[in-house]
Amino acid sequence: MIVVIGLLVVPLITLLRYSFNQYSPKQLMVEAFTLENYVRFFIEPYYQEVMLTTFGLALLCTVTSLLLGFPVAYFLARTRSRFKSLVFIAVLFPLLVGNVVRAAGWMSFLGREGFLNVALAKVGLIQAPLELMYTPYAVFVGLLGVLLPFMILTLQGVLEGIDFTLVDAANNLGAKPREAFRHVVLPLSIPGITAGAILVFTVAMNSYATPLLLGGPSFQMMAPTLYAQIAVASNWPFGAALAFILIIVTFTVTLLSTSILARQYKAK
Amino acid sequence: MTSSIHTARRTFVKLAAAAALTPFASRFAHAASDSVVLGTWGGDTEKSLSSLVTASKKRYGIDILLDVGTPSARKTKLLAQLNRRRNAMDIPFLVDSDMHYLNGMGALLTLDKARIPNYGNLREEFTHSAYSVPIMYSALILVYSKKLGNPPKSIKDLWNPEYAGKVAFTNLSYDKIIPIVSHAFGGSTSDFAAGYEALLKLKENGVRLYASNEAVGNAFQSGEIEVALMWKGRAHQWIDAGLPIAYATPAEGVYPVFFEMAVTKNSGFPDESQKVLGEALTPEVQQTMAISLGQIPAVRNSGLPPDVEERLGFNEEERKRFIKPDYAYLTPRLSEMLDFWNQRFKG
């Protein structure tokens, strides 16, 4: 408890207090109690666009990782194959590598003279290198690479707890595999889907290194934008306000989606 | 009995923790008590500073610990420690405009030039600052593809429709590009209005932004761009690597950027730090840094071979026409410049 208060609550309260201060280029910030930093976010369309981009990409990552992760998690939960541990290690592998190292790997894979462009040119599919780096697609692929394991591991834990004799019972009663999945497996896996989606969405909303390194100068997400306000423009109050807006949006979306999914789970 | 077991267990835990932390604790204590901490860029800059680390140890017995990071992280660290009794960084290594900003915030010590050995080596025109010592400098020049029939001669030429969509900037150079363009378009480095307006016109023509200098080099290689504003040293590195480019000093003059060292006001080692600043002005250290970084020594007696000096540097005539930065105007506008660049120019 003391650790949480010392390392999380106190810095957050300090940051919250800063967000109400006034920016001063000559004194860094002036102690005040103003809402101007929050108002600025709402009157400057640029920051709303950055938030929308962040939100859209986080949502896309969440949905895609769910669609791609569910079959893998299902396989891991049900398989008796001796290759299960190998698949498990492969899933876990991206989490063993640091953010920056992983981004550097993507840079050498997607760059103009990267592996992908060279391979496509070698087989004659392209004449000139494709512009893959410094695009929103590069950020999406980079984020997906690290978020997918979170989704798979969370889903696998829940899927392993499901009593699959219920699926057998449904099949015996004449349900087709698709119907058994829809009416038995899916409802029972909603807690895993909720937890995985929250985890993936939160990490994607707050991602910093991947958009910074793979997105290039024209692609902006919230975490690099607020860091630039604090560290480059030295506008700490506005940077702090952006940080709190990001926290509030992430928290609200998480809370809403959890309550909607929980209600659906109860209804089933 | 129970109590003594508890006591013994607590003692054991304490001793075990102390033993486990000893190597780290001693390292931190050593760093905090004996070493001068110098905040710097990583990569080639960090490598080139090994000459300063070795020379300072040899001449003065001063240990230097390099704190590697981005300039923005360095500035933020210094500002966050303004009111602490002792700053964790003794010597920041930053560009001139950042130093002016930090000095305005009260983060830097007013230097006692008598305590800085070799201070007299500095070119006289570079001895303007009371709080920092220029170590090297460089400037953005016009770099262009040799294929161009009509190469640019001035900053204004970048607006020539012939180059539309083929002009490149590095994203992080915005705080130099805005004053340069302002000066070129009839404003001055004390009024950015003309620069902002001109840059928006260039955006309409089509301009390409790259995340790094290396990416600009790749774009020249692929023929994606034909003209760029780039550091002179970097242009030479590319020419040496066989890139078909040439360069020109802009007709309007060049805007020098100084790479400076200073001492933090709350440094625990003000005297030692000033000695290190002086050591950075010795010909040996200046030569090493100039050659490995492609930047120009700030001293008169660097002893660089004349051909290298000519390739990297600017002649007396060009130096006389340096565009003078207005730090007092620029530094309070850092936030405004970033907003213009991100929202209006890039957006």
# chains A, B, ... in the order shown; residues from 1 in each chain; ligands from 1
>>> interface_residues(of="chain A", to="chain B", cutoff="6 Å", atoms="only C-alpha atoms", output="PyMOL selection string")
chain A and resi 25+216-217+231-233
>>> write_last_selection(atoms="N, CA and C atoms", output="PDB file, in the first residue's frame")
ATOM      1  N   PRO A  25       6.720  30.866 -20.146  1.00  0.00           N
ATOM      2  CA  PRO A  25       7.980  30.526 -20.808  1.00  0.00           C
ATOM      3  C   PRO A  25       9.194  30.970 -20.005  1.00  0.00           C
ATOM      4  N   GLY A 216       6.862   8.055 -37.531  1.00  0.00           N
ATOM      5  CA  GLY A 216       7.424   9.167 -38.284  1.00  0.00           C
ATOM      6  C   GLY A 216       6.885  10.507 -37.840  1.00  0.00           C
ATOM      7  N   PRO A 217       7.381  11.583 -38.476  1.00  0.00           N
ATOM      8  CA  PRO A 217       7.070  12.931 -37.997  1.00  0.00           C
ATOM      9  C   PRO A 217       5.608  13.349 -38.133  1.00  0.00           C
ATOM     10  N   ALA A 231       8.680  17.850 -22.456  1.00  0.00           N
ATOM     11  CA  ALA A 231      10.133  17.813 -22.604  1.00  0.00           C
ATOM     12  C   ALA A 231      10.668  18.732 -23.698  1.00  0.00           C
ATOM     13  N   VAL A 232       9.911  18.953 -24.765  1.00  0.00           N
ATOM     14  CA  VAL A 232      10.437  19.789 -25.858  1.00  0.00           C
ATOM     15  C   VAL A 232       9.971  21.232 -25.693  1.00  0.00           C
ATOM     16  N   ALA A 233       8.669  21.424 -25.490  1.00  0.00           N
ATOM     17  CA  ALA A 233       8.153  22.792 -25.361  1.00  0.00           C
ATOM     18  C   ALA A 233       8.263  23.304 -23.925  1.00  0.00           C
TER      19      ALA A 233
END
>>> residues_around(residues="segment 186-196 of chain B", least_positions_apart="3", cutoff="6 Å", atoms="only C-alpha atoms", output="VMD selection string")
chain B and resid 178 to 179 181 to 183 199 325 to 326 329
>>> select_by_dssp(residues="segment 57-116 of chain B", states="strand (DSSP E or B)", output="list of chain:residue names")
B:Asp63, B:Ile64, B:Leu65, B:Leu66, B:Asp67, B:Val68, B:Ile91, B:Pro92, B:Phe93, B:Leu94, B:Val95, B:Leu108
>>> residues_around(residues="Phe20 of chain A", least_positions_apart="2", cutoff="7 Å", atoms="only C-alpha atoms", output="VMD selection string")
chain A and resid 17 to 18 22 32 to 35 237
>>> residues_around(residues="segment 272-282 of chain B", least_positions_apart="2", cutoff="6 Å", atoms="only C-alpha atoms", output="list in words")
Ile116, Pro117, Asn118, Phe269, Pro270, Glu284 and Val285 of chain B
>>> write_last_selection(atoms="all heavy atoms", output="mmCIF file, in the first residue's frame")
data_model
loop_
_atom_site.group_PDB
_atom_site.id
_atom_site.type_symbol
_atom_site.label_atom_id
_atom_site.label_comp_id
_atom_site.auth_asym_id
_atom_site.auth_seq_id
_atom_site.Cartn_x
_atom_site.Cartn_y
_atom_site.Cartn_z
ATOM 1 N N ILE B 116 38.587 28.549 -15.956
ATOM 2 C CA ILE B 116 38.430 27.637 -17.095
ATOM 3 C C ILE B 116 39.725 27.634 -17.901
ATOM 4 O O ILE B 116 39.990 28.587 -18.647
ATOM 5 C CB ILE B 116 37.240 28.053 -17.998
ATOM 6 C CG1 ILE B 116 35.962 28.093 -17.164
ATOM 7 C CG2 ILE B 116 37.089 27.111 -19.190
ATOM 8 C CD1 ILE B 116 34.745 28.591 -17.914
ATOM 9 N N PRO B 117 40.537 26.596 -17.721
ATOM 10 C CA PRO B 117 41.800 26.560 -18.476
ATOM 11 C C PRO B 117 41.505 26.586 -19.979
ATOM 12 O O PRO B 117 40.461 26.104 -20.418
ATOM 13 C CB PRO B 117 42.420 25.224 -18.066
ATOM 14 C CG PRO B 117 41.675 24.769 -16.872
ATOM 15 C CD PRO B 117 40.325 25.386 -16.923
ATOM 16 N N ASN B 118 42.381 27.159 -20.740
ATOM 17 C CA ASN B 118 42.292 27.209 -22.220
ATOM 18 C C ASN B 118 41.135 28.065 -22.739
ATOM 19 O O ASN B 118 40.822 27.995 -23.922
ATOM 20 C CB ASN B 118 42.154 25.792 -22.822
ATOM 21 C CG ASN B 118 43.187 24.841 -22.293
ATOM 22 O OD1 ASN B 118 44.371 25.159 -22.318
ATOM 23 N ND2 ASN B 118 42.758 23.696 -21.780
ATOM 24 N N PHE B 269 30.211 19.991 -7.891
ATOM 25 C CA PHE B 269 31.614 20.135 -8.311
ATOM 26 C C PHE B 269 31.815 21.330 -9.247
ATOM 27 O O PHE B 269 32.220 21.156 -10.404
ATOM 28 C CB PHE B 269 32.069 18.873 -9.060
ATOM 29 C CG PHE B 269 32.045 17.621 -8.243
ATOM 30 C CD1 PHE B 269 31.087 16.649 -8.481
ATOM 31 C CD2 PHE B 269 32.979 17.412 -7.250
ATOM 32 C CE1 PHE B 269 31.057 15.488 -7.741
ATOM 33 C CE2 PHE B 269 32.952 16.249 -6.503
ATOM 34 C CZ PHE B 269 31.997 15.281 -6.741
ATOM 35 N N PRO B 270 31.540 22.541 -8.786
ATOM 36 C CA PRO B 270 31.672 23.680 -9.715
ATOM 37 C C PRO B 270 33.107 23.871 -10.221
ATOM 38 O O PRO B 270 33.308 24.132 -11.408
ATOM 39 C CB PRO B 270 31.195 24.865 -8.887
ATOM 40 C CG PRO B 270 31.193 24.414 -7.474
ATOM 41 C CD PRO B 270 31.061 22.937 -7.457
ATOM 42 N N GLU B 284 43.639 18.583 -28.548
ATOM 43 C CA GLU B 284 43.476 17.125 -28.683
ATOM 44 C C GLU B 284 41.989 16.744 -28.664
ATOM 45 O O GLU B 284 41.507 16.006 -29.530
ATOM 46 C CB GLU B 284 44.197 16.378 -27.534
ATOM 47 C CG GLU B 284 45.696 16.598 -27.464
ATOM 48 C CD GLU B 284 46.097 17.952 -26.884
ATOM 49 O OE1 GLU B 284 45.364 18.486 -26.026
ATOM 50 O OE2 GLU B 284 47.134 18.495 -27.322
ATOM 51 N N VAL B 285 41.283 17.256 -27.648
ATOM 52 C CA VAL B 285 39.857 16.910 -27.521
ATOM 53 C C VAL B 285 39.069 17.521 -28.685
ATOM 54 O O VAL B 285 38.195 16.880 -29.284
ATOM 55 C CB VAL B 285 39.300 17.392 -26.159
ATOM 56 C CG1 VAL B 285 37.801 17.152 -26.072
ATOM 57 C CG2 VAL B 285 40.007 16.680 -25.015
#
>>> residues_around(residues="Tyr137 of chain A", least_positions_apart="4", cutoff="10 Å", atoms="only C-alpha atoms", output="PyMOL selection string")
chain A and resi 57+132-133+141-143+214-215
>>> write_last_selection(atoms="C-alpha atoms", output="compact mmCIF listing (two decimals), in the first residue's frame")
# COMPACT_ATOMS: atom_id res chain seq x y z
CA LEU A 57 -5.82 2.79 -33.44
CA LEU A 132 6.14 0.97 -45.17
CA MET A 133 8.06 2.73 -42.44
CA VAL A 141 1.70 -3.79 -37.05
CA GLY A 142 4.28 -2.84 -34.41
CA LEU A 143 1.62 -2.47 -31.71
CA LEU A 214 7.60 3.68 -36.41
CA GLY A 215 5.09 6.49 -36.99
>>> select_by_dssp(residues="segment 104-217 of chain B", states="alpha helix (DSSP H)", output="VMD selection string")
chain B and resid 104 174 to 184 193 to 205 213 to 217
>>> atom_distance(atom1="atom CA of Met107 of chain A", atom2="atom CA of Met222 of chain A")
21.4 Å
>>> closest_residue(among="B:Lys147, B:Lys265, B:Arg234, B:Arg123", to="Ile91 of chain B", atoms="only C-alpha atoms")
B:Lys265
>>> decode(residues="segment 146-162 of chain A", atoms="N, CA, C and O atoms", output="CSV table (one decimal), in the first residue's frame")
chain,number,residue,atom,x,y,z
A,146,VAL,N,3.1,-6.7,-30.1
A,146,VAL,CA,3.3,-6.8,-28.7
A,146,VAL,C,2.0,-7.0,-27.9
A,146,VAL,O,2.0,-7.5,-26.8
A,147,LEU,N,0.8,-6.5,-28.6
A,147,LEU,CA,-0.4,-6.6,-27.9
A,147,LEU,C,-1.1,-8.0,-28.0
A,147,LEU,O,-1.8,-8.5,-27.1
A,148,LEU,N,-0.8,-8.7,-29.1
A,148,LEU,CA,-1.4,-10.0,-29.3
A,148,LEU,C,-1.1,-11.0,-28.1
A,148,LEU,O,-2.0,-11.7,-27.7
A,149,PRO,N,0.2,-11.1,-27.7
A,149,PRO,CA,0.4,-12.0,-26.5
A,149,PRO,C,-0.4,-11.7,-25.3
A,149,PRO,O,-0.9,-12.6,-24.6
A,150,PHE,N,-0.7,-10.4,-25.0
A,150,PHE,CA,-1.5,-10.0,-23.9
A,150,PHE,C,-2.9,-10.7,-24.0
A,150,PHE,O,-3.5,-11.2,-23.1
A,151,MET,N,-3.5,-10.5,-25.2
A,151,MET,CA,-4.8,-11.0,-25.5
A,151,MET,C,-4.8,-12.6,-25.4
A,151,MET,O,-5.7,-13.2,-24.8
A,152,ILE,N,-3.8,-13.2,-26.1
A,152,ILE,CA,-3.8,-14.7,-26.1
A,152,ILE,C,-3.7,-15.2,-24.7
A,152,ILE,O,-4.4,-16.1,-24.3
A,153,LEU,N,-2.7,-14.7,-23.9
A,153,LEU,CA,-2.5,-15.3,-22.6
A,153,LEU,C,-3.7,-15.1,-21.7
A,153,LEU,O,-4.0,-16.0,-20.9
A,154,THR,N,-4.3,-13.9,-21.8
A,154,THR,CA,-5.5,-13.7,-21.0
A,154,THR,C,-6.7,-14.6,-21.3
A,154,THR,O,-7.3,-15.2,-20.5
A,155,LEU,N,-6.9,-14.7,-22.7
A,155,LEU,CA,-8.0,-15.6,-23.1
A,155,LEU,C,-7.7,-17.0,-22.8
A,155,LEU,O,-8.6,-17.8,-22.4
A,156,GLN,N,-6.5,-17.4,-22.9
A,156,GLN,CA,-6.1,-18.8,-22.7
A,156,GLN,C,-6.5,-19.2,-21.3
A,156,GLN,O,-7.0,-20.3,-21.0
A,157,GLY,N,-6.1,-18.3,-20.3
A,157,GLY,CA,-6.4,-18.6,-18.9
A,157,GLY,C,-7.9,-18.9,-18.7
A,157,GLY,O,-8.3,-19.8,-17.9
A,158,VAL,N,-8.7,-18.1,-19.3
A,158,VAL,CA,-10.2,-18.2,-19.1
A,158,VAL,C,-10.7,-19.5,-19.9
A,158,VAL,O,-11.5,-20.2,-19.3
A,159,LEU,N,-10.2,-19.7,-21.1
A,159,LEU,CA,-10.7,-20.8,-21.9
A,159,LEU,C,-10.3,-22.1,-21.3
A,159,LEU,O,-11.1,-23.1,-21.3
A,160,GLU,N,-9.2,-22.2,-20.6
A,160,GLU,CA,-8.8,-23.4,-19.9
A,160,GLU,C,-9.7,-23.8,-18.8
A,160,GLU,O,-9.8,-24.9,-18.4
A,161,GLY,N,-10.4,-22.7,-18.2
A,161,GLY,CA,-11.3,-23.0,-17.1
A,161,GLY,C,-12.7,-23.4,-17.5
A,161,GLY,O,-13.5,-23.8,-16.7
A,162,ILE,N,-12.9,-23.3,-18.8
A,162,ILE,CA,-14.3,-23.7,-19.3
A,162,ILE,C,-14.4,-25.2,-19.3
A,162,ILE,O,-13.5,-26.0,-19.7
